[in-house]
Amino acid sequence: MPQITVDYSAPLDRRGFALALHPLVAETVDTTVDACKTRFREIEELVVADGAADDVIVHVEIALLFGRTDEVKARLSKAVLALLPEYLKATEGVRLSVEVRDLESSYRKR
């Protein structure tokens with residue numbers, strides 16, 4: 001925990017972003033950097049709106065153990081949105097989004 005997934009089609013400094021993201025997440029949700037795990041999934045094809053523009057996206061999903069308040073989740077979402085542009089190689093036409101959610105009760109780790 002936290003389980004972080006980044007779906008992206010924009011040029012992104014993945015390692016740099018993850019290394020900056022982990023301390024931010026740890027501080028905001030009161031966990032350790034060692035607990036953070038981030039995986040990246042490149043999007044090969046996407047269509048935004050009517051497809052007229054060549055928009056690209058970065059969507060970050062952060063899944064946490066149950067118990068964080070909506071306020072903490074909202075604060076984390078805002079902080080991640082503020083951090084992302086620093087690791088994009090271009091910002092024109094980039095759509096950014098963040099979702100912070102609870103892990104399902106079936107989550108287990110080893």
# chains A, B, ... in the order shown; residues from 1 in each chain; ligands from 1
>>> residues_around(residues="Asp102 of chain A", least_positions_apart="5", cutoff="9 Å", atoms="only C-alpha atoms", output="list of chain:residue names")
A:Ile62, A:Ala63, A:Leu64, A:Leu65, A:Phe66, A:Gly67, A:Arg68
>>> select_by_dssp(residues="chain A", states="alpha helix (DSSP H)", output="PyMOL selection string")
chain A and resi 14-29+70-83
>>> closest_atom_pairs(of="segment 54-108 of chain A", to="segment 45-50 of chain A", cutoff="9 Å", atoms="only C-alpha atoms", output="tab-separated table")
residue	atom	partner	partner_atom	distance
A:Asp54	CA	A:Val48	CA	8.1
A:Asp55	CA	A:Val48	CA	6.6
A:Val56	CA	A:Leu46	CA	7.8
A:Ile57	CA	A:Leu46	CA	8.7
>>> write_last_selection(atoms="C-alpha atoms", output="PDB file, in the first residue's frame")
ATOM      1  CA  ASP A  54      -4.214  15.232 -30.837  1.00  0.00           C
ATOM      2  CA  ASP A  55      -4.769  15.429 -27.098  1.00  0.00           C
ATOM      3  CA  VAL A  56      -2.861  13.168 -24.749  1.00  0.00           C
ATOM      4  CA  ILE A  57      -3.588  12.145 -21.179  1.00  0.00           C
TER       5      ILE A  57
END
>>> residues_around(residues="Ser97 of chain A", least_positions_apart="2", cutoff="12 Å", atoms="only C-alpha atoms", output="NGL selection string")
:A and (5-8 or 56-62 or 77-85 or 94-95 or 99-100)
>>> closest_residue(among="A:Glu42, A:Tyr107, A:Ala52, A:Ala35", to="Pro23 of chain A", atoms="only C-alpha atoms")
A:Ala35
>>> select_by_dssp(residues="chain A", states="strand (DSSP E or B)", output="PyMOL selection string")
chain A and resi 3-8+12+37-42+56-64+88+94-102
>>> residues_around(residues="Thr38 of chain A", least_positions_apart="3", cutoff="7 Å", atoms="only C-alpha atoms", output="MDAnalysis selection string")
chainID A and resid 3:5 18
>>> closest_residue(among="A:Thr31, A:Leu96, A:Leu24, A:Phe40", to="Leu76 of chain A", atoms="only C-alpha atoms")
A:Leu24
>>> atom_distance(atom1="atom CA of Ile43 of chain A", atom2="atom CA of Ser9 of chain A")
5.0 Å
